[in-house]
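Coordinates from model_21.pdb are shown below (PDB, C-alpha atoms).
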```
ATOM      1  CA  MET A   1       0.000   0.000   0.000
ATOM      2  CA  LYS A   2       1.321   3.450  -0.848
ATOM      3  CA  ARG A   3       2.528   5.636   2.039
ATOM      4  CA  GLU A   4       0.010   8.398   1.287
ATOM      5  CA  HIS A   5      -2.909   5.953   1.714
ATOM      6  CA  ARG A   6      -1.618   4.193   4.836
ATOM      7  CA  ASN A   7      -1.283   7.494   6.623
ATOM      8  CA  HIS A   8      -4.827   8.698   5.856
ATOM      9  CA  SER A   9      -8.053   8.300   7.796
ATOM     10  CA  GLY A  10     -10.925  10.366   6.440
ATOM     11  CA  GLN A  11      -9.502  13.778   5.590
ATOM     12  CA  ALA A  12      -6.778  13.473   8.246
ATOM     13  CA  TYR A  13      -3.150  12.516   7.699
ATOM     14  CA  SER A  14      -0.851  10.885  10.247
ATOM     15  CA  LEU A  15       2.768  12.010  10.197
ATOM     16  CA  THR A  16       5.408  10.285  12.306
ATOM     17  CA  VAL A  17       9.014  11.443  11.989
ATOM     18  CA  VAL A  18      12.002  10.061  13.924
ATOM     19  CA  THR A  19      15.238  12.049  13.688
ATOM     20  CA  PRO A  20      18.618  11.471  15.359
ATOM     21  CA  ILE A  21      19.573  14.131  17.897
ATOM     22  CA  LEU A  22      23.090  15.551  17.660
ATOM     23  CA  ALA A  23      25.561  14.403  20.312
ATOM     24  CA  ASP A  24      25.421  16.545  23.453
ATOM     25  CA  HIS A  25      22.177  18.263  22.336
ATOM     26  CA  VAL A  26      19.664  16.082  24.192
ATOM     27  CA  SER A  27      19.580  18.126  27.394
ATOM     28  CA  GLU A  28      19.335  21.449  25.566
ATOM     29  CA  LEU A  29      16.525  20.129  23.338
ATOM     30  CA  ALA A  30      14.699  18.653  26.327
ATOM     31  CA  ALA A  31      14.915  21.976  28.180
ATOM     32  CA  TYR A  32      13.571  23.842  25.144
ATOM     33  CA  LEU A  33      10.653  21.424  24.714
ATOM     34  CA  ASP A  34       9.882  21.509  28.452
ATOM     35  CA  ALA A  35       9.710  25.304  28.365
ATOM     36  CA  LEU A  36       7.135  25.402  25.560
ATOM     37  CA  GLY A  37       3.674  26.418  26.667
ATOM     38  CA  PRO A  38       0.761  23.989  26.710
ATOM     39  CA  GLU A  39      -2.175  24.001  24.295
ATOM     40  CA  ASP A  40      -2.582  27.370  22.541
ATOM     41  CA  ALA A  41       0.850  28.562  23.757
ATOM     42  CA  SER A  42       2.599  25.758  21.853
ATOM     43  CA  PRO A  43       4.155  26.640  18.493
ATOM     44  CA  LEU A  44       2.277  23.652  17.087
ATOM     45  CA  ALA A  45      -1.004  25.458  17.828
ATOM     46  CA  ARG A  46      -0.010  27.999  15.156
ATOM     47  CA  VAL A  47       0.259  25.314  12.473
ATOM     48  CA  THR A  48      -2.962  25.364  10.469
ATOM     49  CA  GLY A  49      -4.950  22.143  10.450
ATOM     50  CA  THR A  50      -3.207  20.432  13.378
ATOM     51  CA  HIS A  51      -5.556  18.148  15.329
ATOM     52  CA  PHE A  52      -2.864  16.702  17.581
ATOM     53  CA  ALA A  53       0.925  16.887  17.667
ATOM     54  CA  ARG A  54       3.644  15.861  20.079
ATOM     55  CA  TRP A  55       7.417  15.632  20.480
ATOM     56  CA  VAL A  56       9.074  12.855  22.505
ATOM     57  CA  ILE A  57      12.767  12.291  23.100
ATOM     58  CA  LEU A  58      13.724   8.613  22.824
ATOM     59  CA  ASP A  59      16.924   7.858  24.711
ATOM     60  CA  ASP A  60      17.010   4.148  23.915
ATOM     61  CA  VAL A  61      14.834   1.191  22.981
ATOM     62  CA  VAL A  62      13.440  -1.239  25.531
ATOM     63  CA  TYR A  63      14.427  -4.900  25.399
ATOM     64  CA  GLU A  64      11.365  -7.037  26.064
ATOM     65  CA  GLY A  65      13.072 -10.416  25.926
ATOM     66  CA  GLY A  66      11.950 -13.486  24.031
ATOM     67  CA  ARG A  67      12.840 -13.585  20.366
ATOM     68  CA  GLN A  68      13.339  -9.842  20.151
ATOM     69  CA  ARG A  69      16.831  -8.812  19.156
ATOM     70  CA  ARG A  70      18.573  -6.638  21.744
ATOM     71  CA  ASP A  71      19.055  -3.241  20.101
ATOM     72  CA  ALA A  72      20.545   0.031  21.260
ATOM     73  CA  LEU A  73      20.268   3.437  19.666
ATOM     74  CA  LYS A  74      23.549   4.996  18.547
ATOM     75  CA  ALA A  75      22.031   8.396  19.302
ATOM     76  CA  SER A  76      18.903   9.632  21.020
ATOM     77  CA  ARG A  77      15.993  10.322  18.672
ATOM     78  CA  LEU A  78      13.342  13.001  18.458
ATOM     79  CA  LEU A  79       9.929  11.530  17.730
ATOM     80  CA  PHE A  80       7.453  13.961  16.199
ATOM     81  CA  THR A  81       3.920  12.828  15.537
ATOM     82  CA  SER A  82       1.025  14.850  14.198
ATOM     83  CA  ASN A  83      -2.505  14.303  12.910
ATOM     84  CA  PHE A  84      -3.636  17.086  10.615
ATOM     85  CA  ASP A  85      -6.022  18.118   7.858
ATOM     86  CA  GLY A  86      -5.013  17.867   4.267
ATOM     87  CA  PRO A  87      -2.016  16.711   2.252
ATOM     88  CA  LEU A  88       1.488  16.218   3.621
ATOM     89  CA  ASP A  89       3.210  18.811   1.406
ATOM     90  CA  ALA A  90       0.913  21.613   2.571
ATOM     91  CA  TYR A  91       1.407  20.627   6.217
ATOM     92  CA  LEU A  92       5.195  20.530   5.910
ATOM     93  CA  GLU A  93       5.079  24.023   4.420
ATOM     94  CA  ALA A  94       2.861  25.146   7.312
ATOM     95  CA  LEU A  95       5.346  23.656   9.821
ATOM     96  CA  ARG A  96       8.153  25.539   8.104
ATOM     97  CA  THR A  97       6.420  28.906   7.866
ATOM     98  CA  GLU A  98       3.935  28.998  10.749
ATOM     99  CA  MET A  99       6.246  27.598  13.430
ATOM    100  CA  GLY A 100       8.873  30.077  12.304
ATOM    101  CA  GLU A 101      11.999  30.184  14.444
ATOM    102  CA  ASP A 102      10.582  27.480  16.715
ATOM    103  CA  ALA A 103      11.047  24.936  13.901
ATOM    104  CA  ASP A 104      14.780  25.694  13.808
ATOM    105  CA  ALA A 105      14.949  25.780  17.613
ATOM    106  CA  VAL A 106      13.555  22.230  17.802
ATOM    107  CA  TRP A 107      14.911  20.373  14.771
ATOM    108  CA  GLY A 108      18.146  22.368  14.761
ATOM    109  CA  HIS A 109      19.274  19.868  17.417
ATOM    110  CA  CYS A 110      18.854  17.017  14.933
ATOM    111  CA  SER A 111      21.437  15.549  12.589
ATOM    112  CA  GLY A 112      21.067  16.676   8.992
ATOM    113  CA  TYR A 113      18.416  19.328   9.618
ATOM    114  CA  PRO A 114      18.779  21.874   6.786
ATOM    115  CA  GLY A 115      16.917  24.749   8.439
ATOM    116  CA  ARG A 116      13.646  26.296   7.360
ATOM    117  CA  ALA A 117      15.119  28.765   4.862
ATOM    118  CA  ASP A 118      15.337  26.068   2.167
ATOM    119  CA  ALA A 119      11.749  24.848   1.645
ATOM    120  CA  PRO A 120      12.541  21.810  -0.559
ATOM    121  CA  ALA A 121      15.331  20.634   1.774
ATOM    122  CA  PHE A 122      13.066  21.158   4.813
ATOM    123  CA  ALA A 123      10.321  18.975   3.273
ATOM    124  CA  ALA A 124      12.867  16.355   2.160
ATOM    125  CA  PHE A 125      14.265  16.132   5.711
ATOM    126  CA  PHE A 126      10.828  15.215   7.077
ATOM    127  CA  ARG A 127       9.998  12.836   4.233
ATOM    128  CA  ASN A 128      13.360  11.075   4.612
ATOM    129  CA  HIS A 129      12.734  10.467   8.323
ATOM    130  CA  GLN A 130       9.032   9.609   8.053
ATOM    131  CA  VAL A 131       7.834   6.310   9.523
ATOM    132  CA  GLU A 132       4.767   4.552   8.125
ATOM    133  CA  SER A 133       1.636   4.525  10.243
ATOM    134  CA  ALA A 134       0.740   0.904  10.896
ATOM    135  CA  LEU A 135      -2.657   1.878  12.317
ATOM    136  CA  PHE A 136      -4.235   5.316  12.208
ATOM    137  CA  PHE A 137      -7.658   6.320  13.445
ATOM    138  CA  ALA A 138      -8.816   9.912  13.067
ATOM    139  CA  ALA A 139     -10.850  10.906  16.108
ATOM    140  CA  TYR A 140     -13.136  13.242  14.172
ATOM    141  CA  GLY A 141     -13.717  11.261  10.979
ATOM    142  CA  ASP A 142     -14.075  13.608   8.053
ATOM    143  CA  GLN A 143     -14.182  16.823  10.087
ATOM    144  CA  THR A 144     -11.462  19.429   9.781
ATOM    145  CA  VAL A 145     -10.029  21.298  12.766
ATOM    146  CA  ALA A 146     -12.184  24.325  11.860
ATOM    147  CA  GLU A 147     -15.336  22.168  11.783
ATOM    148  CA  VAL A 148     -14.487  20.546  15.128
ATOM    149  CA  ARG A 149     -13.934  23.964  16.728
ATOM    150  CA  ALA A 150     -17.214  25.282  15.279
ATOM    151  CA  ASN A 151     -19.076  22.228  16.590
ATOM    152  CA  LEU A 152     -17.557  22.632  20.048
ATOM    153  CA  ALA A 153     -18.519  26.316  20.095
ATOM    154  CA  GLN A 154     -22.060  25.385  19.050
ATOM    155  CA  ARG A 155     -22.214  22.770  21.804
ATOM    156  CA  THR A 156     -21.059  25.337  24.369
ATOM    157  CA  ARG A 157     -23.716  27.804  23.203
ATOM    158  CA  LEU A 158     -26.382  25.076  23.445
ATOM    159  CA  ILE A 159     -25.331  24.079  26.975
ATOM    160  CA  GLU A 160     -25.295  27.711  28.102
ATOM    161  CA  PHE A 161     -28.742  28.214  26.567
ATOM    162  CA  ALA A 162     -30.108  25.093  28.269
ATOM    163  CA  MET A 163     -28.765  26.194  31.650
ATOM    164  CA  ALA A 164     -30.203  29.707  31.300
ATOM    165  CA  ALA A 165     -33.558  28.504  29.955
ATOM    166  CA  GLN A 166     -34.394  26.042  32.720
ATOM    167  CA  GLY A 167     -37.907  26.546  34.028
ATOM    168  CA  LEU A 168     -39.129  28.772  31.171
ATOM    169  CA  PRO A 169     -42.663  28.214  29.933
ATOM    170  CA  ALA A 170     -42.793  26.195  26.684
ATOM    171  CA  ALA A 171     -43.794  29.107  24.425
ATOM    172  CA  GLU A 172     -41.035  31.367  25.777
ATOM    173  CA  LEU A 173     -38.476  28.536  25.585
ATOM    174  CA  GLN A 174     -39.352  27.909  21.947
ATOM    175  CA  ALA A 175     -39.180  31.619  21.065
ATOM    176  CA  ARG A 176     -35.783  32.065  22.752
ATOM    177  CA  PHE A 177     -34.435  28.883  21.141
ATOM    178  CA  GLN A 178     -35.514  30.015  17.668
ATOM    179  CA  ALA A 179     -33.972  33.457  18.282
ATOM    180  CA  GLU A 180     -30.691  31.964  19.536
ATOM    181  CA  PHE A 181     -30.476  29.131  16.960
ATOM    182  CA  PRO A 182     -32.249  30.225  13.765
ATOM    183  CA  SER A 183     -32.553  27.505  11.133
TER     184      SER A 183
END
```
What would the structure in this file look like if it were written as structure tokens?
Amino acid sequence: MKREHRNHSGQAYSLTVVTPILADHVSELAAYLDALGPEDASPLARVTGTHFARWVILDDVVYEGGRQRRDALKASRLLFTSNFDGPLDAYLEALRTEMGEDADAVWGHCSGYPGRADAPAFAAFFRNHQVESALFFAAYGDQTVAEVRANLAQRTRLIEFAMAAQGLPAAELQARFQAEFPS
């Protein structure tokens, strides 16, 4: 199966990238990632179409025994995973431009990172380190991030309306509902 199809679920795409971290850069990268703000303060929140994204530093692999071969990483790795709307090329361009200097501040600690100034090299870096998704399930089916946010806002409005409208007579409840939520 082609990579583009294995990494799709509905309109969403699953990107997993594993890059080697430069020697003696693990602590500095970890400190930078730890200092990033949560949720809307994260530079990943600026990247259009991102449903979910995360960075994880992998120091080594775990030996589970049995028939598994005992492996060891030659260098720590930065795992980046993201679920987003749309095609991969557009998302890589959004990572490059919308994360801005934060992209260089994160992946600049990784071996072979070309920087964000060279768009084709930036995209090639991610494609060359991409790992296939063996199983990908998009939490919101065919809904984009914008549609999910609009639905959540609508739900909030409906809950607030229901709380404020408790105990209203039926005719007044209907009139207020139609005014608040016209068809």
Enclosing box along x, y and z for every listed atom of region 9-28 of chain A, padded 8 Å each side, centre and size in Å, one decimal, as AutoDock Vina command-line options:
```
--center_x 7.3 --center_y 14.9 --center_z 16.5 --size_x 52.5 --size_y 29.1 --size_z 37.8
```
On this structure, which residues satisfy the PyMOL selection byres ((chain A and resi 73-77) around 10), written as a list in words?
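For this structure, the PyMOL selection byres ((chain A and resi 73-77) around 10) captures Val17, Val18, Thr19, Pro20, Ile21, Leu22, Ala23, Asp24, His25, Val26, Val56, Ile57, Leu58, Asp59, Asp60, Val61, Asp71, Ala72, Leu78, Leu79, Phe80, Cys110 and Ser111 of chain A.
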Target residues per the PyMOL selection byres ((chain A and resi 113-119) around 10), formatted as a PDB file with C-alpha atoms, keeping the file's coordinate frame:
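Result file is selection.pdb:
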```
ATOM      1  CA  THR A  19      15.238  12.049  13.688  1.00  0.00           C
ATOM      2  CA  PRO A  20      18.618  11.471  15.359  1.00  0.00           C
ATOM      3  CA  ILE A  21      19.573  14.131  17.897  1.00  0.00           C
ATOM      4  CA  LEU A  92       5.195  20.530   5.910  1.00  0.00           C
ATOM      5  CA  GLU A  93       5.079  24.023   4.420  1.00  0.00           C
ATOM      6  CA  LEU A  95       5.346  23.656   9.821  1.00  0.00           C
ATOM      7  CA  ARG A  96       8.153  25.539   8.104  1.00  0.00           C
ATOM      8  CA  THR A  97       6.420  28.906   7.866  1.00  0.00           C
ATOM      9  CA  MET A  99       6.246  27.598  13.430  1.00  0.00           C
ATOM     10  CA  GLY A 100       8.873  30.077  12.304  1.00  0.00           C
ATOM     11  CA  GLU A 101      11.999  30.184  14.444  1.00  0.00           C
ATOM     12  CA  ASP A 102      10.582  27.480  16.715  1.00  0.00           C
ATOM     13  CA  ALA A 103      11.047  24.936  13.901  1.00  0.00           C
ATOM     14  CA  ASP A 104      14.780  25.694  13.808  1.00  0.00           C
ATOM     15  CA  ALA A 105      14.949  25.780  17.613  1.00  0.00           C
ATOM     16  CA  VAL A 106      13.555  22.230  17.802  1.00  0.00           C
ATOM     17  CA  TRP A 107      14.911  20.373  14.771  1.00  0.00           C
ATOM     18  CA  GLY A 108      18.146  22.368  14.761  1.00  0.00           C
ATOM     19  CA  HIS A 109      19.274  19.868  17.417  1.00  0.00           C
ATOM     20  CA  CYS A 110      18.854  17.017  14.933  1.00  0.00           C
ATOM     21  CA  SER A 111      21.437  15.549  12.589  1.00  0.00           C
ATOM     22  CA  GLY A 112      21.067  16.676   8.992  1.00  0.00           C
ATOM     23  CA  PRO A 120      12.541  21.810  -0.559  1.00  0.00           C
ATOM     24  CA  ALA A 121      15.331  20.634   1.774  1.00  0.00           C
ATOM     25  CA  PHE A 122      13.066  21.158   4.813  1.00  0.00           C
ATOM     26  CA  ALA A 123      10.321  18.975   3.273  1.00  0.00           C
ATOM     27  CA  ALA A 124      12.867  16.355   2.160  1.00  0.00           C
ATOM     28  CA  PHE A 125      14.265  16.132   5.711  1.00  0.00           C
ATOM     29  CA  PHE A 126      10.828  15.215   7.077  1.00  0.00           C
TER      30      PHE A 126
END
```
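The two atoms in question, CA of Gly49 (chain A) and CA of Ile159 (chain A), are spaced 26.3 Å apart.
A straight line drawn from CA of Gln166 (chain A) to CA of Ser183 (chain A) is 21.7 Å long.
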Counting all atoms listed in the file, I want the residues whose atoms come within 7 Å of (0.8, 10.6, 15.3) in the file frame, returned as a ChimeraX atom specification.
/A:14-16,53,81-83
Selection under test: the PyMOL selection byres ((chain A and resi 84) around 10); residues as number ranges by chain:
A: 8, 11-15, 47-53, 81-83, 85-88, 91, 138, 144-145
Selected residue of minimal separation from Val131 (chain A) among A:Asn7, A:Asp34, A:Glu172, A:Phe181, counting all atoms listed in the file:
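Ranking A:Asn7, A:Asp34, A:Glu172, A:Phe181 by distance to Val131 (chain A), first place goes to A:Asn7.
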Between CA of Glu64 (chain A) and CA of Ser133 (chain A), distance in Å (one decimal):
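Those two atoms sit 21.9 Å apart.
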Contact residues around Leu173 (chain A) with all atoms listed in the file at 10 Å, ignoring same-chain residues under 6 positions, as an MDAnalysis selection string
chainID A and resid 161:162 165:167 179
